[in-house]
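Here's target08.cif, which has mmCIF, N, CA and C atoms:
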data_entry
loop_
_atom_site.label_atom_id
_atom_site.label_comp_id
_atom_site.auth_asym_id
_atom_site.auth_seq_id
_atom_site.Cartn_x
_atom_site.Cartn_y
_atom_site.Cartn_z
N MET A 1241 103.56 79.93 76.33
CA MET A 1241 102.65 78.84 76.67
C MET A 1241 101.33 79.07 75.92
N ASN A 1242 100.81 78.02 75.31
CA ASN A 1242 99.57 78.20 74.56
C ASN A 1242 98.37 78.23 75.51
N ASP A 1243 97.22 78.58 74.96
CA ASP A 1243 96.03 78.81 75.78
C ASP A 1243 95.53 77.54 76.45
N ARG A 1244 95.58 76.42 75.76
CA ARG A 1244 95.11 75.16 76.37
C ARG A 1244 96.01 74.75 77.52
N ALA A 1245 97.31 74.93 77.36
CA ALA A 1245 98.24 74.61 78.45
C ALA A 1245 97.98 75.53 79.64
N LEU A 1246 97.71 76.80 79.37
CA LEU A 1246 97.37 77.73 80.45
C LEU A 1246 96.07 77.33 81.15
N LEU A 1247 95.09 76.88 80.36
CA LEU A 1247 93.83 76.43 80.95
C LEU A 1247 94.06 75.21 81.84
N LEU A 1248 94.89 74.28 81.39
CA LEU A 1248 95.20 73.10 82.20
C LEU A 1248 95.96 73.50 83.47
N ALA A 1249 96.93 74.39 83.34
CA ALA A 1249 97.66 74.86 84.52
C ALA A 1249 96.73 75.59 85.48
N HIS A 1250 95.80 76.37 84.96
CA HIS A 1250 94.82 77.08 85.77
C HIS A 1250 93.97 76.08 86.56
N ALA A 1251 93.56 75.00 85.90
CA ALA A 1251 92.75 73.98 86.57
C ALA A 1251 93.55 73.25 87.65
N VAL A 1252 94.76 72.85 87.33
CA VAL A 1252 95.59 72.13 88.31
C VAL A 1252 95.90 73.03 89.50
N LEU A 1253 96.26 74.27 89.24
CA LEU A 1253 96.52 75.21 90.33
C LEU A 1253 95.25 75.52 91.11
N GLY A 1254 94.10 75.50 90.43
CA GLY A 1254 92.83 75.69 91.11
C GLY A 1254 92.57 74.59 92.12
N PHE A 1255 92.82 73.35 91.72
CA PHE A 1255 92.64 72.25 92.67
C PHE A 1255 93.65 72.32 93.80
N ALA A 1256 94.89 72.71 93.50
CA ALA A 1256 95.88 72.89 94.56
C ALA A 1256 95.41 73.97 95.54
N ALA A 1257 94.84 75.05 95.02
CA ALA A 1257 94.33 76.12 95.88
C ALA A 1257 93.16 75.63 96.73
N VAL A 1258 92.23 74.90 96.11
CA VAL A 1258 91.07 74.39 96.85
C VAL A 1258 91.53 73.45 97.97
N PHE A 1259 92.40 72.52 97.65
CA PHE A 1259 92.80 71.53 98.65
C PHE A 1259 93.67 72.13 99.74
N SER A 1260 94.58 73.03 99.37
CA SER A 1260 95.41 73.65 100.41
C SER A 1260 94.59 74.61 101.27
N GLY A 1261 93.65 75.32 100.66
CA GLY A 1261 92.76 76.18 101.44
C GLY A 1261 91.88 75.38 102.38
N THR A 1262 91.42 74.22 101.92
CA THR A 1262 90.61 73.35 102.77
C THR A 1262 91.43 72.80 103.92
N HIS A 1263 92.66 72.40 103.66
CA HIS A 1263 93.53 71.91 104.73
C HIS A 1263 93.81 73.02 105.75
N GLN A 1264 94.06 74.21 105.25
CA GLN A 1264 94.29 75.34 106.15
C GLN A 1264 93.07 75.55 107.05
N ALA A 1265 91.88 75.51 106.47
CA ALA A 1265 90.65 75.70 107.25
C ALA A 1265 90.46 74.58 108.27
N ALA A 1266 90.71 73.35 107.85
CA ALA A 1266 90.55 72.22 108.78
C ALA A 1266 91.50 72.34 109.96
N HIS A 1267 92.74 72.68 109.70
CA HIS A 1267 93.70 72.84 110.80
C HIS A 1267 93.36 74.05 111.67
N ALA A 1268 92.81 75.09 111.09
CA ALA A 1268 92.40 76.25 111.88
C ALA A 1268 91.25 75.90 112.81
N VAL A 1269 90.30 75.08 112.33
CA VAL A 1269 89.18 74.66 113.18
C VAL A 1269 89.69 73.76 114.30
N VAL A 1270 90.59 72.83 113.98
CA VAL A 1270 91.16 71.96 115.01
C VAL A 1270 91.90 72.81 116.06
N ALA A 1271 92.61 73.83 115.61
CA ALA A 1271 93.30 74.72 116.55
C ALA A 1271 92.30 75.47 117.42
N ALA A 1272 91.19 75.90 116.83
CA ALA A 1272 90.18 76.63 117.59
C ALA A 1272 89.52 75.73 118.63
N LEU A 1273 89.47 74.45 118.36
CA LEU A 1273 88.92 73.49 119.32
C LEU A 1273 89.89 73.17 120.45
N GLY A 1274 91.09 73.74 120.38
CA GLY A 1274 92.05 73.58 121.47
C GLY A 1274 93.15 72.57 121.20
N ARG A 1275 93.23 72.07 120.00
CA ARG A 1275 94.28 71.11 119.65
C ARG A 1275 95.10 71.64 118.47
N PRO A 1276 95.85 72.70 118.68
CA PRO A 1276 96.57 73.31 117.55
C PRO A 1276 97.66 72.41 116.99
N HIS A 1277 97.71 72.35 115.70
CA HIS A 1277 98.78 71.68 114.97
C HIS A 1277 99.66 72.78 114.40
N ARG A 1278 100.55 73.27 115.20
CA ARG A 1278 101.34 74.46 114.81
C ARG A 1278 102.13 74.25 113.52
N ARG A 1279 102.73 73.07 113.39
CA ARG A 1279 103.52 72.82 112.18
C ARG A 1279 102.65 72.85 110.93
N ALA A 1280 101.51 72.20 111.01
CA ALA A 1280 100.60 72.19 109.85
C ALA A 1280 100.05 73.58 109.56
N LEU A 1281 99.74 74.32 110.62
CA LEU A 1281 99.24 75.69 110.41
C LEU A 1281 100.30 76.56 109.75
N ARG A 1282 101.55 76.43 110.19
CA ARG A 1282 102.63 77.20 109.56
C ARG A 1282 102.83 76.78 108.10
N ARG A 1283 102.77 75.48 107.87
CA ARG A 1283 102.97 74.97 106.50
C ARG A 1283 101.89 75.50 105.56
N PHE A 1284 100.63 75.38 105.98
CA PHE A 1284 99.56 75.82 105.09
C PHE A 1284 99.40 77.33 105.06
N ALA A 1285 100.00 78.03 106.02
CA ALA A 1285 100.01 79.49 105.97
C ALA A 1285 100.85 79.98 104.79
N PHE A 1286 101.74 79.14 104.29
CA PHE A 1286 102.53 79.48 103.10
C PHE A 1286 101.97 78.81 101.85
N ILE A 1287 101.58 77.54 101.98
CA ILE A 1287 101.13 76.79 100.80
C ILE A 1287 99.82 77.34 100.24
N ALA A 1288 98.83 77.59 101.10
CA ALA A 1288 97.51 78.03 100.63
C ALA A 1288 97.59 79.37 99.88
N PRO A 1289 98.19 80.41 100.47
CA PRO A 1289 98.26 81.67 99.70
C PRO A 1289 99.08 81.53 98.42
N ALA A 1290 100.16 80.75 98.47
CA ALA A 1290 100.98 80.57 97.26
C ALA A 1290 100.18 79.92 96.15
N ALA A 1291 99.40 78.90 96.50
CA ALA A 1291 98.58 78.21 95.49
C ALA A 1291 97.50 79.14 94.94
N VAL A 1292 96.85 79.89 95.82
CA VAL A 1292 95.78 80.79 95.38
C VAL A 1292 96.34 81.91 94.51
N ILE A 1293 97.47 82.46 94.89
CA ILE A 1293 98.09 83.54 94.11
C ILE A 1293 98.54 83.01 92.74
N ALA A 1294 99.16 81.83 92.70
CA ALA A 1294 99.59 81.24 91.43
C ALA A 1294 98.40 80.95 90.52
N GLN A 1295 97.33 80.45 91.11
CA GLN A 1295 96.13 80.15 90.33
C GLN A 1295 95.51 81.43 89.78
N ALA A 1296 95.47 82.47 90.59
CA ALA A 1296 94.92 83.75 90.14
C ALA A 1296 95.79 84.36 89.02
N ALA A 1297 97.10 84.25 89.16
CA ALA A 1297 98.00 84.77 88.13
C ALA A 1297 97.80 84.03 86.81
N CYS A 1298 97.62 82.74 86.89
CA CYS A 1298 97.38 81.95 85.68
C CYS A 1298 96.03 82.34 85.06
N GLY A 1299 95.03 82.57 85.91
CA GLY A 1299 93.73 83.02 85.42
C GLY A 1299 93.82 84.36 84.73
N LEU A 1300 94.61 85.26 85.28
CA LEU A 1300 94.80 86.57 84.64
C LEU A 1300 95.50 86.43 83.29
N ALA A 1301 96.42 85.48 83.20
CA ALA A 1301 97.14 85.28 81.93
C ALA A 1301 96.22 84.72 80.85
N ILE A 1302 95.27 83.90 81.24
CA ILE A 1302 94.38 83.26 80.26
C ILE A 1302 93.16 84.13 79.93
N TYR A 1303 92.89 85.15 80.73
CA TYR A 1303 91.67 85.94 80.57
C TYR A 1303 91.51 86.59 79.20
N PRO A 1304 92.55 87.17 78.58
CA PRO A 1304 92.34 87.78 77.26
C PRO A 1304 91.83 86.78 76.21
N ALA A 1305 92.37 85.58 76.20
CA ALA A 1305 91.90 84.57 75.24
C ALA A 1305 90.46 84.17 75.57
N TYR A 1306 90.15 84.02 76.84
CA TYR A 1306 88.78 83.69 77.24
C TYR A 1306 87.82 84.78 76.78
N ARG A 1307 88.20 86.02 76.99
CA ARG A 1307 87.34 87.16 76.68
C ARG A 1307 86.97 87.17 75.19
N VAL A 1308 87.95 86.88 74.34
CA VAL A 1308 87.73 86.95 72.89
C VAL A 1308 87.02 85.69 72.38
N ARG A 1309 87.49 84.52 72.79
CA ARG A 1309 86.99 83.26 72.21
C ARG A 1309 85.74 82.71 72.86
N VAL A 1310 85.57 82.93 74.15
CA VAL A 1310 84.49 82.26 74.87
C VAL A 1310 83.43 83.24 75.34
N ARG A 1311 83.84 84.29 75.99
CA ARG A 1311 82.89 85.20 76.63
C ARG A 1311 81.94 85.85 75.62
N ALA A 1312 82.44 86.18 74.46
CA ALA A 1312 81.58 86.81 73.45
C ALA A 1312 80.41 85.91 73.09
N GLY A 1313 80.66 84.62 72.94
CA GLY A 1313 79.60 83.67 72.64
C GLY A 1313 78.63 83.50 73.80
N PHE A 1314 79.16 83.48 75.02
CA PHE A 1314 78.29 83.38 76.19
C PHE A 1314 77.38 84.60 76.32
N ASP A 1315 77.93 85.77 76.06
CA ASP A 1315 77.12 86.99 76.15
C ASP A 1315 75.93 86.94 75.21
N LEU A 1316 76.12 86.36 74.03
CA LEU A 1316 75.04 86.29 73.04
C LEU A 1316 74.10 85.10 73.25
N HIS A 1317 74.67 83.93 73.54
CA HIS A 1317 73.87 82.71 73.52
C HIS A 1317 73.63 82.08 74.89
N ALA A 1318 74.40 82.45 75.88
CA ALA A 1318 74.23 81.87 77.22
C ALA A 1318 74.59 82.92 78.28
N PRO A 1319 73.79 83.98 78.38
CA PRO A 1319 74.13 85.06 79.31
C PRO A 1319 74.21 84.60 80.77
N MET A 1320 73.43 83.58 81.14
CA MET A 1320 73.51 83.09 82.52
C MET A 1320 74.89 82.50 82.82
N VAL A 1321 75.47 81.81 81.85
CA VAL A 1321 76.80 81.24 82.02
C VAL A 1321 77.83 82.37 82.14
N ALA A 1322 77.67 83.41 81.36
CA ALA A 1322 78.58 84.56 81.47
C ALA A 1322 78.49 85.19 82.85
N GLN A 1323 77.28 85.31 83.38
CA GLN A 1323 77.11 85.87 84.72
C GLN A 1323 77.67 84.94 85.79
N LEU A 1324 77.52 83.63 85.59
CA LEU A 1324 78.12 82.68 86.53
C LEU A 1324 79.64 82.83 86.57
N PHE A 1325 80.23 83.04 85.39
CA PHE A 1325 81.67 83.25 85.35
C PHE A 1325 82.07 84.49 86.14
N GLU A 1326 81.31 85.56 85.97
CA GLU A 1326 81.61 86.78 86.72
C GLU A 1326 81.47 86.56 88.22
N LEU A 1327 80.46 85.81 88.62
CA LEU A 1327 80.29 85.47 90.03
C LEU A 1327 81.48 84.66 90.54
N LYS A 1328 81.93 83.73 89.72
CA LYS A 1328 83.11 82.93 90.09
C LYS A 1328 84.33 83.82 90.29
N GLU A 1329 84.50 84.79 89.43
CA GLU A 1329 85.64 85.71 89.56
C GLU A 1329 85.57 86.49 90.87
N HIS A 1330 84.37 86.94 91.24
CA HIS A 1330 84.21 87.66 92.50
C HIS A 1330 84.48 86.75 93.70
N PHE A 1331 83.97 85.52 93.65
CA PHE A 1331 84.24 84.57 94.73
C PHE A 1331 85.73 84.29 94.85
N ALA A 1332 86.41 84.12 93.72
CA ALA A 1332 87.85 83.85 93.73
C ALA A 1332 88.63 85.02 94.32
N ALA A 1333 88.23 86.24 93.97
CA ALA A 1333 88.92 87.42 94.52
C ALA A 1333 88.72 87.52 96.02
N LEU A 1334 87.50 87.27 96.48
CA LEU A 1334 87.24 87.27 97.93
C LEU A 1334 88.02 86.17 98.63
N ALA A 1335 88.06 84.99 98.01
CA ALA A 1335 88.80 83.87 98.60
C ALA A 1335 90.28 84.21 98.70
N LEU A 1336 90.81 84.84 97.67
CA LEU A 1336 92.22 85.25 97.69
C LEU A 1336 92.50 86.15 98.89
N ALA A 1337 91.65 87.14 99.07
CA ALA A 1337 91.84 88.06 100.21
C ALA A 1337 91.70 87.34 101.54
N LEU A 1338 90.72 86.47 101.67
CA LEU A 1338 90.49 85.78 102.94
C LEU A 1338 91.60 84.79 103.27
N VAL A 1339 92.07 84.04 102.28
CA VAL A 1339 93.15 83.08 102.53
C VAL A 1339 94.43 83.80 102.92
N ILE A 1340 94.74 84.88 102.24
CA ILE A 1340 95.94 85.65 102.58
C ILE A 1340 95.78 86.27 103.97
N ALA A 1341 94.61 86.82 104.27
CA ALA A 1341 94.37 87.43 105.59
C ALA A 1341 94.48 86.39 106.70
N ALA A 1342 93.88 85.23 106.50
CA ALA A 1342 93.95 84.18 107.52
C ALA A 1342 95.38 83.72 107.72
N SER A 1343 96.13 83.59 106.64
CA SER A 1343 97.52 83.16 106.76
C SER A 1343 98.37 84.20 107.47
N ALA A 1344 98.19 85.46 107.09
CA ALA A 1344 98.97 86.53 107.71
C ALA A 1344 98.60 86.70 109.18
N ALA A 1345 97.32 86.73 109.47
CA ALA A 1345 96.88 86.91 110.86
C ALA A 1345 97.26 85.71 111.72
N GLY A 1346 97.19 84.53 111.17
CA GLY A 1346 97.55 83.34 111.93
C GLY A 1346 99.02 83.31 112.30
N GLY A 1347 99.84 83.94 111.50
CA GLY A 1347 101.26 83.99 111.82
C GLY A 1347 101.61 85.00 112.88
N PHE A 1348 100.73 86.00 113.09
CA PHE A 1348 101.04 87.06 114.03
C PHE A 1348 100.24 86.97 115.33
N ASP A 1349 99.03 86.49 115.25
CA ASP A 1349 98.15 86.49 116.42
C ASP A 1349 97.97 85.05 116.92
N ARG A 1350 98.66 84.72 117.99
CA ARG A 1350 98.60 83.36 118.53
C ARG A 1350 97.76 83.28 119.80
N ARG A 1351 97.03 84.35 120.12
CA ARG A 1351 96.19 84.31 121.31
C ARG A 1351 95.06 83.30 121.13
N PRO A 1352 94.68 82.59 122.18
CA PRO A 1352 93.59 81.60 122.06
C PRO A 1352 92.27 82.22 121.60
N GLU A 1353 91.98 83.45 122.01
CA GLU A 1353 90.72 84.07 121.61
C GLU A 1353 90.69 84.46 120.13
N ALA A 1354 91.84 84.43 119.47
CA ALA A 1354 91.89 84.75 118.04
C ALA A 1354 91.69 83.51 117.17
N ARG A 1355 91.63 82.34 117.77
CA ARG A 1355 91.57 81.11 116.97
C ARG A 1355 90.26 80.96 116.19
N TRP A 1356 89.13 81.28 116.82
CA TRP A 1356 87.86 81.14 116.11
C TRP A 1356 87.70 82.14 114.97
N PRO A 1357 88.07 83.40 115.14
CA PRO A 1357 88.00 84.31 113.98
C PRO A 1357 88.91 83.88 112.83
N LEU A 1358 90.09 83.35 113.16
CA LEU A 1358 90.98 82.86 112.11
C LEU A 1358 90.39 81.63 111.43
N ALA A 1359 89.75 80.76 112.22
CA ALA A 1359 89.08 79.59 111.63
C ALA A 1359 87.95 80.04 110.71
N ALA A 1360 87.22 81.07 111.12
CA ALA A 1360 86.12 81.57 110.29
C ALA A 1360 86.66 82.13 108.97
N LEU A 1361 87.73 82.92 109.03
CA LEU A 1361 88.34 83.44 107.80
C LEU A 1361 88.75 82.30 106.87
N SER A 1362 89.40 81.30 107.45
CA SER A 1362 89.89 80.17 106.66
C SER A 1362 88.74 79.37 106.05
N CYS A 1363 87.70 79.13 106.85
CA CYS A 1363 86.57 78.32 106.37
C CYS A 1363 85.79 79.04 105.27
N VAL A 1364 85.56 80.32 105.43
CA VAL A 1364 84.86 81.06 104.38
C VAL A 1364 85.71 81.13 103.11
N GLY A 1365 87.01 81.33 103.29
CA GLY A 1365 87.91 81.32 102.13
C GLY A 1365 87.88 79.99 101.41
N ALA A 1366 87.90 78.88 102.16
CA ALA A 1366 87.85 77.55 101.54
C ALA A 1366 86.51 77.32 100.84
N ALA A 1367 85.42 77.74 101.47
CA ALA A 1367 84.10 77.58 100.85
C ALA A 1367 84.01 78.35 99.53
N LEU A 1368 84.56 79.56 99.52
CA LEU A 1368 84.55 80.35 98.29
C LEU A 1368 85.44 79.72 97.22
N LEU A 1369 86.56 79.14 97.63
CA LEU A 1369 87.42 78.44 96.66
C LEU A 1369 86.69 77.26 96.04
N TRP A 1370 86.00 76.47 96.87
CA TRP A 1370 85.23 75.33 96.35
C TRP A 1370 84.15 75.80 95.39
N THR A 1371 83.44 76.85 95.75
CA THR A 1371 82.36 77.35 94.90
C THR A 1371 82.92 77.86 93.57
N ALA A 1372 84.01 78.60 93.62
CA ALA A 1372 84.62 79.10 92.39
C ALA A 1372 85.10 77.95 91.51
N ALA A 1373 85.64 76.90 92.13
CA ALA A 1373 86.12 75.76 91.35
C ALA A 1373 84.98 75.04 90.65
N VAL A 1374 83.88 74.83 91.36
CA VAL A 1374 82.74 74.13 90.75
C VAL A 1374 82.15 74.97 89.61
N ILE A 1375 81.99 76.26 89.82
CA ILE A 1375 81.48 77.13 88.76
C ILE A 1375 82.45 77.15 87.58
N GLY A 1376 83.74 77.22 87.87
CA GLY A 1376 84.73 77.22 86.80
C GLY A 1376 84.69 75.94 85.97
N LEU A 1377 84.52 74.80 86.63
CA LEU A 1377 84.39 73.54 85.90
C LEU A 1377 83.14 73.52 85.03
N TYR A 1378 82.05 74.06 85.55
CA TYR A 1378 80.81 74.10 84.78
C TYR A 1378 80.97 74.98 83.53
N VAL A 1379 81.55 76.16 83.72
CA VAL A 1379 81.74 77.07 82.58
C VAL A 1379 82.67 76.44 81.55
N THR A 1380 83.74 75.79 82.00
CA THR A 1380 84.66 75.16 81.08
C THR A 1380 84.00 73.98 80.35
N ALA A 1381 83.13 73.26 81.05
CA ALA A 1381 82.41 72.16 80.40
C ALA A 1381 81.47 72.68 79.31
N ARG A 1382 80.91 73.86 79.53
CA ARG A 1382 80.02 74.46 78.52
C ARG A 1382 80.79 74.88 77.28
N HIS A 1383 82.01 75.44 77.47
CA HIS A 1383 82.78 75.88 76.32
C HIS A 1383 84.24 76.09 76.74
N PRO A 1384 85.09 75.10 76.50
CA PRO A 1384 86.52 75.30 76.82
C PRO A 1384 87.19 76.22 75.80
N LEU A 1385 88.38 76.65 76.11
CA LEU A 1385 89.15 77.48 75.17
C LEU A 1385 89.49 76.69 73.94
#

Using structure tokens, write down the structure from this file.
Amino acid sequence: MNDRALLLAHAVLGFAAVFSGTHQAAHAVVAALGRPHRRALRRFAFIAPAAVIAQAACGLAIYPAYRVRVRAGFDLHAPMVAQLFELKEHFAALALALVIAASAAGGFDRRPEARWPLAALSCVGAALLWTAAVIGLYVTARHPL
């Protein structure tokens, strides 16, 4: 697969991760409010981590080309953009951990008192996914592969 196709796949999977993570968070909050949608929670407990993992794998595959073609120029001419990219990577890694943790914990801990902590994990994970997506779009707009 060429680099542009990988970049497009990374973007599409990024939006799938953002939207599935957001749905997971929304259903977790609704469950914490006392109206659990068990089917939706189970569905997004698989969809959200799968989308985030696939998106991260695609990002890892495209990283060598980014490092050579794009990052070198940012380091010299736009260091703030290079630092934004690094921040995005950290947010994405945290989001990956939080989405997986919320999905795994939600499948095992069904006690009512666990609903708010699971909602918090899901919401922070979704917020980090949104932030990483916006930063990623900005960096790509500055200089695509």

Given the file shown, enumerate the residues that the PyMOL selection byres (((chain A and resi 1262-1267 and name CA) around 9) and name CA) captures and present them as a short mmCIF file (atom, residue, chain, number, x, y, z; two decimals) with N, CA and C atoms, in the frame of the given file.
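Listed below is the output, expr.cif:
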data_model
loop_
_atom_site.label_atom_id
_atom_site.label_comp_id
_atom_site.auth_asym_id
_atom_site.auth_seq_id
_atom_site.Cartn_x
_atom_site.Cartn_y
_atom_site.Cartn_z
N ALA A 1257 94.84 75.05 95.02
CA ALA A 1257 94.33 76.12 95.88
C ALA A 1257 93.16 75.63 96.73
N VAL A 1258 92.23 74.90 96.11
CA VAL A 1258 91.07 74.39 96.85
C VAL A 1258 91.53 73.45 97.97
N PHE A 1259 92.40 72.52 97.65
CA PHE A 1259 92.80 71.53 98.65
C PHE A 1259 93.67 72.13 99.74
N SER A 1260 94.58 73.03 99.37
CA SER A 1260 95.41 73.65 100.41
C SER A 1260 94.59 74.61 101.27
N GLY A 1261 93.65 75.32 100.66
CA GLY A 1261 92.76 76.18 101.44
C GLY A 1261 91.88 75.38 102.38
N ALA A 1268 92.81 75.09 111.09
CA ALA A 1268 92.40 76.25 111.88
C ALA A 1268 91.25 75.90 112.81
N VAL A 1269 90.30 75.08 112.33
CA VAL A 1269 89.18 74.66 113.18
C VAL A 1269 89.69 73.76 114.30
N VAL A 1270 90.59 72.83 113.98
CA VAL A 1270 91.16 71.96 115.01
C VAL A 1270 91.90 72.81 116.06
N ALA A 1271 92.61 73.83 115.61
CA ALA A 1271 93.30 74.72 116.55
C ALA A 1271 92.30 75.47 117.42
N ALA A 1272 91.19 75.90 116.83
CA ALA A 1272 90.18 76.63 117.59
C ALA A 1272 89.52 75.73 118.63
N PRO A 1276 95.85 72.70 118.68
CA PRO A 1276 96.57 73.31 117.55
C PRO A 1276 97.66 72.41 116.99
N HIS A 1277 97.71 72.35 115.70
CA HIS A 1277 98.78 71.68 114.97
C HIS A 1277 99.66 72.78 114.40
N ARG A 1278 100.55 73.27 115.20
CA ARG A 1278 101.34 74.46 114.81
C ARG A 1278 102.13 74.25 113.52
N ALA A 1280 101.51 72.20 111.01
CA ALA A 1280 100.60 72.19 109.85
C ALA A 1280 100.05 73.58 109.56
N LEU A 1281 99.74 74.32 110.62
CA LEU A 1281 99.24 75.69 110.41
C LEU A 1281 100.30 76.56 109.75
N ARG A 1283 102.77 75.48 107.87
CA ARG A 1283 102.97 74.97 106.50
C ARG A 1283 101.89 75.50 105.56
N PHE A 1284 100.63 75.38 105.98
CA PHE A 1284 99.56 75.82 105.09
C PHE A 1284 99.40 77.33 105.06
N ALA A 1285 100.00 78.03 106.02
CA ALA A 1285 100.01 79.49 105.97
C ALA A 1285 100.85 79.98 104.79
N ILE A 1287 101.58 77.54 101.98
CA ILE A 1287 101.13 76.79 100.80
C ILE A 1287 99.82 77.34 100.24
N ALA A 1288 98.83 77.59 101.10
CA ALA A 1288 97.51 78.03 100.63
C ALA A 1288 97.59 79.37 99.88
N VAL A 1339 92.07 84.04 102.28
CA VAL A 1339 93.15 83.08 102.53
C VAL A 1339 94.43 83.80 102.92
N ALA A 1342 93.88 85.23 106.50
CA ALA A 1342 93.95 84.18 107.52
C ALA A 1342 95.38 83.72 107.72
N SER A 1343 96.13 83.59 106.64
CA SER A 1343 97.52 83.16 106.76
C SER A 1343 98.37 84.20 107.47
N LEU A 1358 90.09 83.35 113.16
CA LEU A 1358 90.98 82.86 112.11
C LEU A 1358 90.39 81.63 111.43
N ALA A 1359 89.75 80.76 112.22
CA ALA A 1359 89.08 79.59 111.63
C ALA A 1359 87.95 80.04 110.71
N ALA A 1360 87.22 81.07 111.12
CA ALA A 1360 86.12 81.57 110.29
C ALA A 1360 86.66 82.13 108.97
N LEU A 1361 87.73 82.92 109.03
CA LEU A 1361 88.34 83.44 107.80
C LEU A 1361 88.75 82.30 106.87
N SER A 1362 89.40 81.30 107.45
CA SER A 1362 89.89 80.17 106.66
C SER A 1362 88.74 79.37 106.05
N CYS A 1363 87.70 79.13 106.85
CA CYS A 1363 86.57 78.32 106.37
C CYS A 1363 85.79 79.04 105.27
N VAL A 1364 85.56 80.32 105.43
CA VAL A 1364 84.86 81.06 104.38
C VAL A 1364 85.71 81.13 103.11
N GLY A 1365 87.01 81.33 103.29
CA GLY A 1365 87.91 81.32 102.13
C GLY A 1365 87.88 79.99 101.41
N ALA A 1366 87.90 78.88 102.16
CA ALA A 1366 87.85 77.55 101.54
C ALA A 1366 86.51 77.32 100.84
N ALA A 1367 85.42 77.74 101.47
CA ALA A 1367 84.10 77.58 100.85
C ALA A 1367 84.01 78.35 99.53
N LEU A 1369 86.56 79.14 97.63
CA LEU A 1369 87.42 78.44 96.66
C LEU A 1369 86.69 77.26 96.04
N TRP A 1370 86.00 76.47 96.87
CA TRP A 1370 85.23 75.33 96.35
C TRP A 1370 84.15 75.80 95.39
#

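Atom CA of Tyr1378 of chain A is positioned 14.6 Å from atom C of His1317 of chain A.
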
What lies within 6 Å of segment 1292-1308 of chain A using all atoms listed in the file, ignoring chain neighbours under 6 positions off, as a PDB file with N, CA and C atoms, in the coordinates of the input?
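Generated file (result-v6.pdb):
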ATOM      1  N   HIS A1250      95.800  76.370  84.960  1.00  0.00           N
ATOM      2  CA  HIS A1250      94.820  77.080  85.770  1.00  0.00           C
ATOM      3  C   HIS A1250      93.970  76.080  86.560  1.00  0.00           C
ATOM      4  N   LEU A1253      96.260  74.270  89.240  1.00  0.00           N
ATOM      5  CA  LEU A1253      96.520  75.210  90.330  1.00  0.00           C
ATOM      6  C   LEU A1253      95.250  75.520  91.110  1.00  0.00           C
ATOM      7  N   GLY A1254      94.100  75.500  90.430  1.00  0.00           N
ATOM      8  CA  GLY A1254      92.830  75.690  91.110  1.00  0.00           C
ATOM      9  C   GLY A1254      92.570  74.590  92.120  1.00  0.00           C
ATOM     10  N   ALA A1257      94.840  75.050  95.020  1.00  0.00           N
ATOM     11  CA  ALA A1257      94.330  76.120  95.880  1.00  0.00           C
ATOM     12  C   ALA A1257      93.160  75.630  96.730  1.00  0.00           C
TER      13      ALA A1257
END

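In this model, the gap between atom CA of Ile1340 of chain A and atom CA of Pro1289 of chain A comes to 5.4 Å.
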
For atom CA of Gln1323 of chain A and atom CA of Ala1372 of chain A, quote the distance in Å rounded to one decimal.
-> 12.7 Å

Mind checking which residues fall within 6.5 Å of Ala1332 of chain A, counting all atoms listed in the file, ignoring those fewer than 3 positions away in the same chain, and posting them as number ranges by chain?
-> A: 1327-1329, 1335-1337, 1368-1369, 1372

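Distance check against Arg1309 of chain A using only C-alpha atoms: of A:Pro1357, A:Gly1346, A:Gly1376, A:Pro1384, the minimum falls on A:Pro1384.
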